[in-house]
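Here's the structure we're looking at; comments come further down.
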Amino acid sequence: MKKLYYSILALVMMTLTVTTFTSCDDVPQPYDSPFYNENGNGGEDDIEATGEGTQASPFNVAAALKKAKETGTTESEEFYVEGYITSISEIDTGNFGNATYIIADNKEGTNKFTIYRGMGLGNKKFTKSDEIKIGDKVIVYGKIVNFKGNTPEMTQGNYIYSLNGTTAGGNTDIKGEAKGTGTKDDPFNVVAALQKAAETGTTETTEEYYVEGYITEISELNTSNFGNATFTIADDKEGSNKFTIYRCLSLGNKMFTKSDEIKKGDKVVVCGKIVNFRGNTPEITQGGYIYSINGTTADGGSTDTQGVASGSGTQADPYNIYAVLQYTKGLAADKPTDNEVYFKGKVVSVTDNNNYGTEFGNATFYVSDDGTETNQFYVYRILYLGNKKYESGDKLKKGDEVVVCSRVVNYRGNTPETYCSTKEPTYNGYLVSLNNQNGGQTDPTPVTGPLGTEQNPASVATAIATGTAPQAWVKGYIVGYVDGMTYSTGCKFALEGETTIANTNILISDSQRQTDPTKCMPIQLPRGNIRSALNLANNPGLLGQEIVIYGELASYFSVPGITNPSYAKVANQMEVGTNPNTSQAAARRRR
């Protein structure tokens with residue numbers, strides 16, 4: 001009787017189960033169902049998930065399916081997944097050059113995982129229909145998602161990192177002994193550089209390394225605007241363990257000017273930052289340079305020899321080239337100065353005549369103290385006399401004596417040069433003098449001592465006429481600020497309606513309501529309490545107020561201005577900074 005009861009109960013339960021599922025046939029089966037097979041994915045789930053999803057330890061397909069379940073319908077970060085191709089639904093060899101196929105942990109197709117519209121080996125387009133085939137073992141790199149909740153896949157944008165053990169750069173295994181510490185005196189060999197790239201991954205190293213090898217292939221050598229080259233090096237001339245040098249500069253961190261400056265077989269030492277670009281291309285990134293070619297070095301273009309620095313960087317007393325080199329080398333990498341400096345030297349070579357045209361109208365050249373290649377300074381995209389564009393390419397030649405006014409920068413921490421910006425705000429330095437000719441400009445009369453006193457400060461008009469002075473007391477009214485880097489068009493005399501107000505400078509004049517830029521003087525506001533107290537962005541009530549300011553009278557925005565102010569008094573009340581007279585008196589009392 002009991003057996004009959006249980007038999008009837010089992011029959012009822014089976015009927016209810018069938019009725020339940022057939023009435024909901026539009027609901028997809030659970031992801032972890034052993035029968036899950038939407039869009040060709042799924043299968044038995046008895047294969048152990050292995051791998052970490054990294055290049056060194058890729059996910060197997062079971063782990064990729066698990067990751068897709070965890071991720072859901074939002075794409076994950078990028079992972080490496082390994083498996084065998086079990087079916088190929090599409091290979092496009094035309095416009096898109098991608099393929100859609102399925103991989104599994106074995107060739108029989110257990111635990112299927114879709115690779116959707118992926119690129120070929122080395123992240124390149126498919127150009128042949130037989131580049132991959134069923135049974136190939138691949139490692140694919142890309143983002144994982146459970147598309148629409150029912151299709152675990154690697155999304156579009158992925159690519160094949162390894163095909164049957166071969167990567168885009170050659171065999172997956174790096175063969176040979178790693179040598180070197182990556183320094184100038186002990187550079188990495190290519191094996192060591194490849195290992196460093198594998199350790200670093202897709203984020204470039206923060207420090208620069210030196211890598212030594214033989215050039216095996218040159219894919220690009222630009223001798224015009226950019227002057228860089230892309231090539232491959234290896235530990236031997238046969239090309240074992242290839243390593244890419246991407247868009248680097250030539251010997252001495254200079255632009256390439258000749259197509260034969262490097263050639264296949266040359267032994268080079270290259271300095272730059274290392275990265276495994278996109279996880280498949282170990283390389284030195286753009287911004288590197290050749291330190292030596294076949295044993296000849298230039299040490300980054302700034303090989304120091306003995307020299308004597310002279311000048312103070314003002315128009316009346318410009319730096320010599322050795323001094324401007326030392327000054328610029330002392331700057332933080334890629335941080336241009338706020339102030340302009342003057343320096344004087346002789347042209348060694350003109351490297352970029354293409355920009356002499358009316359479109360850009362600037363020139364790029366090297367200068368030194370004696371016109372030789374010793375202690376050269378890189379003058380980058382400088383305008384002509386009077387801060388005007390060049391109109392032809394015959395106005396500058398080797399041996400010319402020039403005085404330049406410009407902001408300067410220690411580019412990438414290894415190239416002292418003049419600063420140029422093509423973005424808003426734009427900026428170029430300019431020639432002040434060419435072979436003692438100033439283009440018809442009237443130079444302000446410089447003074448060697450202080451201008452004005454605290455009790456009797458100079459007027460703005462007097463300061464403009466004076467031009468330069470190591471210390472100056474100047475009195476005027478705050479009338480506005482300069483927006484951008486072009487003085488003639490950037491002077492602003494009203495705050496209403498302005499969405500952004502510069503906080504790095506103010507304009508002063510002898511008249512409280514002055515709107516003529518030629519009768520105004522720009523005042524630099526260095527970071528700190530001077531800027532905080534005097535900028536109009538945060539202190540609009542200062543507009544029209546009288547100010548007495550102490551600083552250096554020098555070129556600012558290419559016109560007479562005050563730089564590096566250390567003290568100011570506004571409306572004969574508010575004081576900011578350190579009064580040099582008060583501090584000197586205090587010092588005398590202490591003695």
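Identifiers in the structure tokens: chain A, B, ... in order shown; residue index from 1 per chain; ligand index from 1 in order shown.
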
>> Give me the residues near range 517-530 of chain A as a list in words, where near means some atom within 6 Å (using only C-alpha atoms) and where sequence neighbours in that chain fewer than 6 positions away do not count.
In response: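 Counting only the stated atoms, we get Thr504, Asn505, Ile506, Leu507, Ile508, Ser509, Gly561, Ile562 and Thr563 of chain A.
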
> Counting only C-alpha atoms, what is within 9 Å of Val308 in chain A, bar same-chain residues fewer than 3 positions away, as number ranges by chain?
Replying inline: A: 320, 322-323

>> Taking only C-alpha atoms into account, name the residue in A:Glu340, A:Asp260, A:Asp483, A:Asp334 that is nearest to Leu553 in chain A.
In response: A:Glu340

Skip Leu536 in chain A itself and residues of its chain fewer than 4 positions away, then list as a PDB file with all heavy atoms, in the first residue's frame all residues within 8 Å of it, counting only C-alpha atoms.
```pdb
ATOM      1  N   GLY A 480      42.452  95.348 -14.353  1.00  0.00           N
ATOM      2  CA  GLY A 480      42.004  94.152 -15.056  1.00  0.00           C
ATOM      3  C   GLY A 480      43.003  93.020 -14.956  1.00  0.00           C
ATOM      4  O   GLY A 480      43.786  92.934 -14.001  1.00  0.00           O
ATOM      5  N   TYR A 481      42.984  92.142 -15.985  1.00  0.00           N
ATOM      6  CA  TYR A 481      43.864  90.970 -16.008  1.00  0.00           C
ATOM      7  C   TYR A 481      44.078  90.567 -17.460  1.00  0.00           C
ATOM      8  O   TYR A 481      43.430  91.091 -18.383  1.00  0.00           O
ATOM      9  CB  TYR A 481      43.248  89.811 -15.217  1.00  0.00           C
ATOM     10  CG  TYR A 481      41.951  89.293 -15.811  1.00  0.00           C
ATOM     11  CD1 TYR A 481      41.926  88.185 -16.640  1.00  0.00           C
ATOM     12  CD2 TYR A 481      40.737  89.937 -15.548  1.00  0.00           C
ATOM     13  CE1 TYR A 481      40.745  87.721 -17.197  1.00  0.00           C
ATOM     14  CE2 TYR A 481      39.550  89.486 -16.091  1.00  0.00           C
ATOM     15  CZ  TYR A 481      39.560  88.374 -16.920  1.00  0.00           C
ATOM     16  OH  TYR A 481      38.383  87.916 -17.472  1.00  0.00           O
ATOM     17  N   ILE A 501      37.926  83.883 -14.993  1.00  0.00           N
ATOM     18  CA  ILE A 501      38.811  85.030 -14.761  1.00  0.00           C
ATOM     19  C   ILE A 501      40.171  84.493 -14.331  1.00  0.00           C
ATOM     20  O   ILE A 501      40.258  83.708 -13.378  1.00  0.00           O
ATOM     21  CB  ILE A 501      38.235  85.961 -13.682  1.00  0.00           C
ATOM     22  CG1 ILE A 501      36.869  86.524 -14.137  1.00  0.00           C
ATOM     23  CG2 ILE A 501      39.198  87.093 -13.379  1.00  0.00           C
ATOM     24  CD1 ILE A 501      36.145  87.287 -13.064  1.00  0.00           C
ATOM     25  N   ALA A 502      41.220  84.867 -15.045  1.00  0.00           N
ATOM     26  CA  ALA A 502      42.562  84.364 -14.733  1.00  0.00           C
ATOM     27  C   ALA A 502      42.950  84.765 -13.310  1.00  0.00           C
ATOM     28  O   ALA A 502      42.697  85.900 -12.882  1.00  0.00           O
ATOM     29  CB  ALA A 502      43.572  84.915 -15.729  1.00  0.00           C
ATOM     30  N   ASN A 503      43.578  83.833 -12.601  1.00  0.00           N
ATOM     31  CA  ASN A 503      44.015  84.124 -11.231  1.00  0.00           C
ATOM     32  C   ASN A 503      45.528  84.231 -11.125  1.00  0.00           C
ATOM     33  O   ASN A 503      46.072  84.275 -10.032  1.00  0.00           O
ATOM     34  CB  ASN A 503      43.492  83.065 -10.264  1.00  0.00           C
ATOM     35  CG  ASN A 503      44.159  81.717 -10.453  1.00  0.00           C
ATOM     36  OD1 ASN A 503      44.807  81.481 -11.468  1.00  0.00           O
ATOM     37  ND2 ASN A 503      43.984  80.818  -9.497  1.00  0.00           N
ATOM     38  N   ILE A 506      47.414  90.257 -12.728  1.00  0.00           N
ATOM     39  CA  ILE A 506      46.535  91.421 -12.739  1.00  0.00           C
ATOM     40  C   ILE A 506      47.168  92.482 -13.627  1.00  0.00           C
ATOM     41  O   ILE A 506      48.370  92.417 -13.940  1.00  0.00           O
ATOM     42  CB  ILE A 506      46.288  91.996 -11.323  1.00  0.00           C
ATOM     43  CG1 ILE A 506      47.621  92.326 -10.622  1.00  0.00           C
ATOM     44  CG2 ILE A 506      45.423  91.071 -10.491  1.00  0.00           C
ATOM     45  CD1 ILE A 506      47.446  93.039  -9.279  1.00  0.00           C
ATOM     46  N   PRO A 540      37.101  90.090  -6.479  1.00  0.00           N
ATOM     47  CA  PRO A 540      36.645  91.062  -7.489  1.00  0.00           C
ATOM     48  C   PRO A 540      36.580  92.495  -6.968  1.00  0.00           C
ATOM     49  O   PRO A 540      36.640  93.442  -7.751  1.00  0.00           O
ATOM     50  CB  PRO A 540      35.254  90.537  -7.866  1.00  0.00           C
ATOM     51  CG  PRO A 540      34.819  89.698  -6.704  1.00  0.00           C
ATOM     52  CD  PRO A 540      36.058  89.082  -6.175  1.00  0.00           C
ATOM     53  N   GLY A 541      36.477  92.663  -5.651  1.00  0.00           N
ATOM     54  CA  GLY A 541      36.408  93.997  -5.077  1.00  0.00           C
ATOM     55  C   GLY A 541      37.691  94.791  -5.209  1.00  0.00           C
ATOM     56  O   GLY A 541      37.719  96.007  -4.948  1.00  0.00           O
ATOM     57  N   LEU A 542      38.787  94.141  -5.633  1.00  0.00           N
ATOM     58  CA  LEU A 542      40.059  94.851  -5.806  1.00  0.00           C
ATOM     59  C   LEU A 542      40.102  95.676  -7.078  1.00  0.00           C
ATOM     60  O   LEU A 542      40.982  96.531  -7.234  1.00  0.00           O
ATOM     61  CB  LEU A 542      41.225  93.850  -5.813  1.00  0.00           C
ATOM     62  CG  LEU A 542      41.488  93.075  -4.515  1.00  0.00           C
ATOM     63  CD1 LEU A 542      42.681  92.145  -4.693  1.00  0.00           C
ATOM     64  CD2 LEU A 542      41.751  94.039  -3.365  1.00  0.00           C
ATOM     65  N   LEU A 543      39.186  95.419  -8.011  1.00  0.00           N
ATOM     66  CA  LEU A 543      39.188  96.160  -9.265  1.00  0.00           C
ATOM     67  C   LEU A 543      39.006  97.655  -8.987  1.00  0.00           C
ATOM     68  O   LEU A 543      38.064  98.073  -8.312  1.00  0.00           O
ATOM     69  CB  LEU A 543      38.066  95.656 -10.172  1.00  0.00           C
ATOM     70  CG  LEU A 543      38.099  96.161 -11.624  1.00  0.00           C
ATOM     71  CD1 LEU A 543      39.318  95.612 -12.353  1.00  0.00           C
ATOM     72  CD2 LEU A 543      36.822  95.765 -12.364  1.00  0.00           C
TER      73      LEU A 543
END
```

Please identify which residues in range 221-328 of chain A DSSP calls alpha helix (DSSP H) from the backbone, and express them as a compact mmCIF listing (two decimals) with N, CA, C and O atoms, in the first residue's frame.
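So states_33.txt came out as:
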```txt
# COMPACT_ATOMS: atom_id res chain seq x y z
N ILE A 321 74.36 80.92 -22.92
CA ILE A 321 73.70 79.62 -23.16
C ILE A 321 74.01 78.63 -22.04
O ILE A 321 73.13 77.85 -21.63
N TYR A 322 75.21 78.66 -21.53
CA TYR A 322 75.54 77.75 -20.42
C TYR A 322 74.63 78.04 -19.22
O TYR A 322 74.14 77.13 -18.56
N ALA A 323 74.36 79.32 -18.96
CA ALA A 323 73.52 79.69 -17.82
C ALA A 323 72.07 79.26 -18.03
O ALA A 323 71.41 78.76 -17.11
N VAL A 324 71.54 79.45 -19.25
CA VAL A 324 70.14 79.06 -19.47
C VAL A 324 69.99 77.54 -19.45
O VAL A 324 68.95 77.01 -19.04
N LEU A 325 71.04 76.82 -19.86
CA LEU A 325 71.02 75.36 -19.73
C LEU A 325 70.92 74.94 -18.27
O LEU A 325 70.10 74.09 -17.89
N GLN A 326 71.76 75.53 -17.43
CA GLN A 326 71.77 75.17 -16.01
C GLN A 326 70.45 75.55 -15.35
O GLN A 326 69.90 74.80 -14.54
N TYR A 327 69.93 76.71 -15.70
CA TYR A 327 68.66 77.16 -15.13
C TYR A 327 67.52 76.21 -15.50
O TYR A 327 66.72 75.80 -14.65
N THR A 328 67.47 75.82 -16.77
CA THR A 328 66.36 74.98 -17.24
C THR A 328 66.49 73.55 -16.74
O THR A 328 65.49 72.89 -16.44
```

> Could you write out, as a PyMOL selection string, all the residues of range 74-260 of chain A that DSSP marks as strand (DSSP E)?
Replying inline: chain A and resi 78-91+99-104+113-121+137-147+151-154+159-163+166-167+170-171+209-221+229-234+243-248

Closest pair table for range 207-280 of chain A residues within 12 Å of range 140-153 of chain A, only C-alpha atoms, as a Markdown table:
```
| residue | atom | partner | partner_atom | distance |
| --- | --- | --- | --- | --- |
| A:Arg278 | CA | A:Tyr141 | CA | 9.2 |
| A:Gly279 | CA | A:Tyr141 | CA | 8.1 |
| A:Asn280 | CA | A:Tyr141 | CA | 9.4 |
```
